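Below is the file start-v3.txt, which contains compact mmCIF, C-alpha atoms.
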# COMPACT_ATOMS: atom_id res chain seq x y z
CA MET A 1 0.00 0.00 0.00
CA GLY A 2 1.11 3.53 -0.74
CA ILE A 3 -0.04 6.76 0.89
CA ILE A 4 -0.38 10.03 -1.01
CA GLU A 5 -0.39 12.95 1.42
CA GLY A 6 -1.45 16.57 1.28
CA SER A 7 0.95 19.38 2.23
CA GLN A 8 3.55 18.48 4.84
CA GLY A 9 2.94 19.94 8.28
CA THR A 10 -0.77 20.69 7.85
CA ASP A 11 -3.21 19.25 10.37
CA PRO A 12 -4.99 17.08 7.77
CA GLN A 13 -1.67 15.66 6.55
CA ILE A 14 -0.45 14.89 10.05
CA TYR A 15 -3.66 13.45 11.46
CA ARG A 16 -4.82 11.56 8.37
CA THR A 17 -1.54 9.69 8.13
CA GLN A 18 -1.16 9.21 11.89
CA THR A 19 -4.69 7.93 12.41
CA PHE A 20 -4.56 5.70 9.33
CA LEU A 21 -1.26 4.12 10.41
CA GLU A 22 -2.64 3.58 13.93
CA TYR A 23 -5.67 1.83 12.42
CA LEU A 24 -3.48 -0.32 10.17
CA SER A 25 -1.44 -1.52 13.14
CA SER A 26 -4.31 -3.95 13.80
CA TYR A 27 -3.73 -5.49 10.37
CA PRO A 28 -0.22 -6.98 10.32
CA ASP A 29 -0.71 -8.34 6.79
CA VAL A 30 -1.07 -4.81 5.38
CA GLU A 31 2.23 -3.11 4.66
CA VAL A 32 2.69 0.57 3.83
CA VAL A 33 5.69 0.59 1.48
CA GLY A 34 5.91 4.32 0.97
CA ILE A 35 4.46 7.76 1.60
CA GLU A 36 4.72 10.63 -0.87
CA GLU A 37 3.57 14.24 -0.63
CA ALA A 38 1.38 15.63 -3.43
CA ASN A 39 0.46 19.00 -1.94
CA TRP A 40 -3.29 18.45 -2.53
CA SER A 41 -2.65 18.51 -6.31
CA ARG A 42 -4.22 16.06 -8.75
CA ALA A 43 -1.23 16.24 -11.11
CA LYS A 44 1.34 15.92 -8.31
CA ALA A 45 -0.56 12.93 -6.89
CA GLY A 46 -0.17 11.05 -10.17
CA LEU A 47 3.56 11.77 -10.16
CA ALA A 48 3.91 10.79 -6.49
CA ALA A 49 2.08 7.50 -7.07
CA SER A 50 4.23 6.85 -10.13
CA ARG A 51 7.38 7.27 -8.01
CA LEU A 52 6.02 4.86 -5.40
CA LEU A 53 5.13 2.31 -8.08
CA SER A 54 8.59 2.51 -9.65
CA ARG A 55 10.13 1.61 -6.28
CA ASN A 56 7.38 -0.87 -5.27
CA PRO A 57 5.68 -2.45 -8.30
CA ASP A 58 3.56 -4.74 -6.09
CA ILE A 59 1.47 -1.90 -4.62
CA ASN A 60 -2.19 -2.87 -4.83
CA VAL A 61 -3.81 0.03 -2.95
CA PHE A 62 -3.27 3.78 -2.79
CA TYR A 63 -4.76 5.73 0.11
CA CYS A 64 -4.95 9.43 -0.75
CA HIS A 65 -5.59 12.29 1.66
CA ASP A 66 -8.30 13.64 -0.61
CA SER A 67 -10.35 12.46 -3.56
CA ASN A 68 -8.95 15.06 -5.94
CA MET A 69 -5.52 13.48 -5.47
CA ALA A 70 -7.11 10.03 -5.71
CA LEU A 71 -8.40 10.93 -9.17
CA GLY A 72 -4.89 12.05 -10.11
CA VAL A 73 -3.60 8.62 -9.09
CA TYR A 74 -6.39 6.98 -11.08
CA ASP A 75 -5.48 9.05 -14.17
CA MET A 76 -1.85 7.90 -13.91
CA LEU A 77 -2.91 4.26 -13.49
CA LYS A 78 -5.25 4.53 -16.48
CA ALA A 79 -2.47 6.01 -18.62
CA ARG A 80 -0.39 2.93 -17.75
CA GLY A 81 -3.32 0.59 -18.40
CA ILE A 82 -3.29 -0.79 -14.86
CA GLN A 83 -6.31 0.99 -13.37
CA ASP A 84 -8.08 -2.34 -12.78
CA LYS A 85 -5.15 -3.81 -10.83
CA ILE A 86 -4.78 -1.19 -8.10
CA GLN A 87 -7.49 0.14 -5.80
CA VAL A 88 -7.57 3.86 -5.02
CA ILE A 89 -9.22 5.35 -1.94
CA GLY A 90 -9.79 9.05 -1.28
CA ILE A 91 -11.41 11.38 1.23
CA GLY A 92 -14.29 13.72 0.46
CA ASN A 93 -17.85 13.74 -0.78
CA GLU A 94 -18.04 16.09 -3.73
CA THR A 95 -20.25 14.96 -6.59
CA GLU A 96 -17.28 14.24 -8.88
CA HIS A 97 -15.73 11.93 -6.30
CA MET A 98 -18.97 10.13 -5.53
CA GLU A 99 -19.51 9.56 -9.26
CA ALA A 100 -15.95 8.21 -9.52
CA VAL A 101 -16.83 5.61 -6.88
CA LYS A 102 -20.06 4.69 -8.66
CA SER A 103 -18.22 4.26 -11.97
CA GLY A 104 -15.40 2.23 -10.42
CA LYS A 105 -12.61 4.76 -10.93
CA LEU A 106 -12.15 4.97 -7.17
CA TYR A 107 -12.59 1.91 -4.98
CA GLY A 108 -14.01 4.07 -2.24
CA ILE A 109 -14.00 7.31 -0.34
CA VAL A 110 -14.10 8.21 3.30
CA THR A 111 -16.33 11.11 4.14
CA GLN A 112 -17.33 13.13 7.14
CA PRO A 113 -21.09 13.68 7.20
CA PRO A 114 -21.63 17.46 7.08
CA GLU A 115 -24.59 17.23 9.46
CA TYR A 116 -22.33 15.68 12.11
CA GLU A 117 -19.58 18.24 11.54
CA ALA A 118 -22.05 21.12 11.86
CA GLU A 119 -23.60 19.69 15.02
CA TYR A 120 -20.20 19.00 16.60
CA ALA A 121 -18.83 22.42 15.62
CA TRP A 122 -21.85 24.04 17.30
CA SER A 123 -21.31 21.92 20.40
CA CYS A 124 -17.64 22.95 20.58
CA ALA A 125 -18.52 26.61 20.02
CA LYS A 126 -21.00 26.55 22.91
CA ARG A 127 -18.48 24.84 25.21
CA ALA A 128 -15.74 27.32 24.26
CA ALA A 129 -18.11 30.25 24.81
CA SER A 130 -18.80 28.97 28.32
CA GLY A 131 -15.06 29.00 29.06
CA GLU A 132 -14.17 25.35 28.50
CA ILE A 133 -10.68 24.81 27.12
CA LEU A 134 -10.94 22.62 24.04
CA ARG A 135 -8.35 20.31 22.53
CA LEU A 136 -6.74 21.40 19.28
CA TRP A 137 -8.07 18.42 17.33
CA TYR A 138 -10.94 15.95 17.58
CA LYS A 139 -11.44 12.78 15.57
CA ASN A 140 -14.59 13.09 13.48
CA LEU A 141 -17.16 10.49 12.72
CA VAL A 142 -16.38 9.09 9.28
CA VAL A 143 -18.29 6.95 6.82
CA SER A 144 -16.63 4.62 4.30
CA LEU A 145 -18.38 4.56 0.94
CA THR A 146 -17.87 2.03 -1.84
CA LYS A 147 -19.86 1.05 -4.90
CA ASP A 148 -21.85 -1.29 -2.62
CA ASN A 149 -23.20 1.40 -0.27
CA ILE A 150 -22.74 4.81 -1.89
CA ASP A 151 -26.36 5.03 -3.05
CA THR A 152 -27.54 4.74 0.56
CA TYR A 153 -25.48 7.75 1.71
CA PHE A 154 -27.63 10.80 2.33
CA ARG A 155 -26.10 14.04 1.16
CA PRO A 156 -28.27 17.09 1.71
CA SER A 157 -28.90 19.41 -1.19
CA LEU A 158 -27.46 22.90 -0.99
CA ASP A 159 -30.33 24.38 -3.02
Encoded form using C-alpha cells:
Amino acid sequence: MGIIEGSQGTDPQIYRTQTFLEYLSSYPDVEVVGIEEANWSRAKAGLAASRLLSRNPDINVFYCHDSNMALGVYDMLKARGIQDKIQVIGIGNETEHMEAVKSGKLYGIVTQPPEYEAEYAWSCAKRAASGEILRLWYKNLVVSLTKDNIDTYFRPSLD
C-alpha cells in the first residue's frame, strides 16, 4: 500500500496519516511501502504515485488524503493501463468523487457527514463560549463509501 499525502505539516496531513497508520497496526498483513507528498494537487498525486510504483511495483492500494488526489492517481494508473489492478481510496464527498466511486474509478472514499460536523462544531462553540478549554483536534465520525453502499449515503442538497 502507498499513501499520497497533502501538504507536509498541515493538520490534515499529520492526522490523516497518523490515524490511518494507527488503524493499520491492527492489520499486520497490510504493509505501507511508501508515503509521498502531493500538496493536494491532482497532477502531483499522479507523479507521487508513479514514483512509489517505480520503487514498489507490487502496490495494490493507494490511500490518498483527498479524492482530488485520488483521481490524479487513477489518471496515472489509467495512462499505464493498470487501473483495474490497483485500488484507489480518497477522502471527500463532492459529486465528482462520488460519481468516480459509482463508476469504479475509485474503490471508495471516506467522508465526514456534514450534518455531524455542523452539530459537533456548534457543540464545541458553545463549550468554548462557556469558558471550556478545548483540545486542538478531535477525531470526526467518518463513513466509508464504496460502490456497494454509496447510493444509501444521504447528502443534503445545498439548493
* Asked: Which of these, A:Val33, A:Ile133, A:Met1, A:Val142, has the shortest distance to Tyr116 in chain A once you count only C-alpha atoms?
  -> A:Val142
* Using only C-alpha atoms, which residue out of A:Ile14, A:Ile150, A:Leu47, A:Cys64 lies closest to Gly2 in chain A? -> A:Cys64
Around range 127-145 of chain A, with edges along x, y and z and 6 Å added on all six sides, what centre and edge lengths do you get, in Å to one decimal, as AutoDock Vina command-line options?
--center_x -12.8 --center_y 17.4 --center_z 15.0 --size_x 24.1 --size_y 37.7 --size_z 40.1
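You can rank A:Glu132, A:Glu36, A:Asp75, A:Asp29 by their closest distance to Ala48 in chain A using only C-alpha atoms, and at the top of that list sits A:Glu36.
Picture a line from CA of Ser50 in chain A to CA of Leu77 in chain A; it runs 8.3 Å.
Compared by their closest atoms to Glu117 in chain A, and using all atoms listed in the file, the residues A:Arg55, A:Asp66, A:Tyr138, A:Gly131 rank with A:Tyr138 nearest.
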* For Pro113 in chain A, please output as a PyMOL selection string all residues within 12 Å (counting all atoms listed in the file; exclusion window: fewer than 3 positions along the same chain). => chain A and resi 91-94+110+116-120+140-145+153-156
* Using only C-alpha atoms, which of the listed residues (A:Leu71, A:Ile4, A:Val30, A:Leu106) sits closest to Arg16 in chain A? -> A:Ile4
Using all atoms listed in the file, which residues sit within 10 Å of Phe62 in chain A once same-chain residues fewer than 3 positions away are excluded, as a PDB file with C-alpha atoms, in the frame of the given file?
ATOM      1  CA  MET A   1       0.000   0.000   0.000  1.00  0.00           C
ATOM      2  CA  GLY A   2       1.110   3.530  -0.740  1.00  0.00           C
ATOM      3  CA  ILE A   3      -0.040   6.760   0.890  1.00  0.00           C
ATOM      4  CA  ILE A   4      -0.380  10.030  -1.010  1.00  0.00           C
ATOM      5  CA  VAL A  32       2.690   0.570   3.830  1.00  0.00           C
ATOM      6  CA  GLY A  34       5.910   4.320   0.970  1.00  0.00           C
ATOM      7  CA  ILE A  35       4.460   7.760   1.600  1.00  0.00           C
ATOM      8  CA  ALA A  49       2.080   7.500  -7.070  1.00  0.00           C
ATOM      9  CA  LEU A  52       6.020   4.860  -5.400  1.00  0.00           C
ATOM     10  CA  ILE A  59       1.470  -1.900  -4.620  1.00  0.00           C
ATOM     11  CA  HIS A  65      -5.590  12.290   1.660  1.00  0.00           C
ATOM     12  CA  ALA A  70      -7.110  10.030  -5.710  1.00  0.00           C
ATOM     13  CA  VAL A  73      -3.600   8.620  -9.090  1.00  0.00           C
ATOM     14  CA  TYR A  74      -6.390   6.980 -11.080  1.00  0.00           C
ATOM     15  CA  ILE A  86      -4.780  -1.190  -8.100  1.00  0.00           C
ATOM     16  CA  GLN A  87      -7.490   0.140  -5.800  1.00  0.00           C
ATOM     17  CA  VAL A  88      -7.570   3.860  -5.020  1.00  0.00           C
ATOM     18  CA  ILE A  89      -9.220   5.350  -1.940  1.00  0.00           C
ATOM     19  CA  GLY A  90      -9.790   9.050  -1.280  1.00  0.00           C
ATOM     20  CA  LEU A 106     -12.150   4.970  -7.170  1.00  0.00           C
ATOM     21  CA  TYR A 107     -12.590   1.910  -4.980  1.00  0.00           C
TER      22      TYR A 107
END
Is it possible to add N, CA and C atoms to range 45-73 of chain A and hand it back as an mmCIF file, in the frame of the given file?
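File written: selection.cif
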data_model
loop_
_atom_site.group_PDB
_atom_site.id
_atom_site.type_symbol
_atom_site.label_atom_id
_atom_site.label_comp_id
_atom_site.auth_asym_id
_atom_site.auth_seq_id
_atom_site.Cartn_x
_atom_site.Cartn_y
_atom_site.Cartn_z
ATOM 1 N N ALA A 45 -0.206 14.237 -7.457
ATOM 2 C CA ALA A 45 -0.560 12.930 -6.890
ATOM 3 C C ALA A 45 -0.229 11.811 -7.884
ATOM 4 N N GLY A 46 -0.521 12.047 -9.155
ATOM 5 C CA GLY A 46 -0.170 11.050 -10.170
ATOM 6 C C GLY A 46 1.331 10.817 -10.227
ATOM 7 N N LEU A 47 2.100 11.894 -10.151
ATOM 8 C CA LEU A 47 3.560 11.770 -10.160
ATOM 9 C C LEU A 47 4.073 11.063 -8.897
ATOM 10 N N ALA A 48 3.501 11.413 -7.746
ATOM 11 C CA ALA A 48 3.910 10.790 -6.490
ATOM 12 C C ALA A 48 3.613 9.293 -6.504
ATOM 13 N N ALA A 49 2.445 8.926 -6.988
ATOM 14 C CA ALA A 49 2.080 7.500 -7.070
ATOM 15 C C ALA A 49 2.986 6.776 -8.065
ATOM 16 N N SER A 50 3.325 7.441 -9.141
ATOM 17 C CA SER A 50 4.230 6.850 -10.130
ATOM 18 C C SER A 50 5.597 6.561 -9.515
ATOM 19 N N ARG A 51 6.096 7.489 -8.702
ATOM 20 C CA ARG A 51 7.380 7.270 -8.010
ATOM 21 C C ARG A 51 7.287 6.073 -7.076
ATOM 22 N N LEU A 52 6.185 5.998 -6.317
ATOM 23 C CA LEU A 52 6.020 4.860 -5.400
ATOM 24 C C LEU A 52 5.956 3.545 -6.165
ATOM 25 N N LEU A 53 5.237 3.534 -7.275
ATOM 26 C CA LEU A 53 5.130 2.310 -8.080
ATOM 27 C C LEU A 53 6.463 1.897 -8.685
ATOM 28 N N SER A 54 7.288 2.866 -9.062
ATOM 29 C CA SER A 54 8.590 2.510 -9.650
ATOM 30 C C SER A 54 9.488 1.836 -8.614
ATOM 31 N N ARG A 55 9.339 2.227 -7.352
ATOM 32 C CA ARG A 55 10.130 1.610 -6.280
ATOM 33 C C ARG A 55 9.477 0.346 -5.727
ATOM 34 N N ASN A 56 8.146 0.244 -5.869
ATOM 35 C CA ASN A 56 7.380 -0.870 -5.270
ATOM 36 C C ASN A 56 6.301 -1.319 -6.250
ATOM 37 N N PRO A 57 6.655 -2.087 -7.262
ATOM 38 C CA PRO A 57 5.680 -2.450 -8.300
ATOM 39 C C PRO A 57 4.537 -3.345 -7.817
ATOM 40 N N ASP A 58 4.627 -3.864 -6.601
ATOM 41 C CA ASP A 58 3.560 -4.740 -6.090
ATOM 42 C C ASP A 58 2.484 -3.986 -5.308
ATOM 43 N N ILE A 59 2.523 -2.661 -5.308
ATOM 44 C CA ILE A 59 1.470 -1.900 -4.620
ATOM 45 C C ILE A 59 0.120 -2.270 -5.218
ATOM 46 N N ASN A 60 -0.845 -2.543 -4.340
ATOM 47 C CA ASN A 60 -2.190 -2.870 -4.830
ATOM 48 C C ASN A 60 -3.266 -1.907 -4.331
ATOM 49 N N VAL A 61 -2.868 -0.961 -3.466
ATOM 50 C CA VAL A 61 -3.810 0.030 -2.950
ATOM 51 C C VAL A 61 -3.072 1.353 -2.749
ATOM 52 N N PHE A 62 -3.736 2.445 -3.129
ATOM 53 C CA PHE A 62 -3.270 3.780 -2.790
ATOM 54 C C PHE A 62 -4.331 4.432 -1.913
ATOM 55 N N TYR A 63 -3.906 4.934 -0.758
ATOM 56 C CA TYR A 63 -4.760 5.730 0.110
ATOM 57 C C TYR A 63 -4.331 7.180 -0.061
ATOM 58 N N CYS A 64 -5.252 8.026 -0.480
ATOM 59 C CA CYS A 64 -4.950 9.430 -0.750
ATOM 60 C C CYS A 64 -5.676 10.317 0.250
ATOM 61 N N HIS A 65 -5.022 11.382 0.664
ATOM 62 C CA HIS A 65 -5.590 12.290 1.660
ATOM 63 C C HIS A 65 -6.793 13.063 1.170
ATOM 64 N N ASP A 66 -7.040 13.103 -0.117
ATOM 65 C CA ASP A 66 -8.300 13.640 -0.610
ATOM 66 C C ASP A 66 -8.630 13.004 -1.956
ATOM 67 N N SER A 67 -9.883 13.144 -2.342
ATOM 68 C CA SER A 67 -10.350 12.460 -3.560
ATOM 69 C C SER A 67 -9.872 13.138 -4.828
ATOM 70 N N ASN A 68 -9.538 14.411 -4.771
ATOM 71 C CA ASN A 68 -8.950 15.060 -5.940
ATOM 72 C C ASN A 68 -7.617 14.389 -6.271
ATOM 73 N N MET A 69 -6.788 14.174 -5.249
ATOM 74 C CA MET A 69 -5.520 13.480 -5.470
ATOM 75 C C MET A 69 -5.764 12.035 -5.886
ATOM 76 N N ALA A 70 -6.796 11.403 -5.327
ATOM 77 C CA ALA A 70 -7.110 10.030 -5.710
ATOM 78 C C ALA A 70 -7.416 9.940 -7.198
ATOM 79 N N LEU A 71 -8.125 10.932 -7.727
ATOM 80 C CA LEU A 71 -8.400 10.930 -9.170
ATOM 81 C C LEU A 71 -7.139 11.149 -9.981
ATOM 82 N N GLY A 72 -6.181 11.900 -9.450
ATOM 83 C CA GLY A 72 -4.890 12.050 -10.110
ATOM 84 C C GLY A 72 -4.142 10.728 -10.174
ATOM 85 N N VAL A 73 -4.216 9.955 -9.095
ATOM 86 C CA VAL A 73 -3.600 8.620 -9.090
ATOM 87 C C VAL A 73 -4.307 7.723 -10.103
#
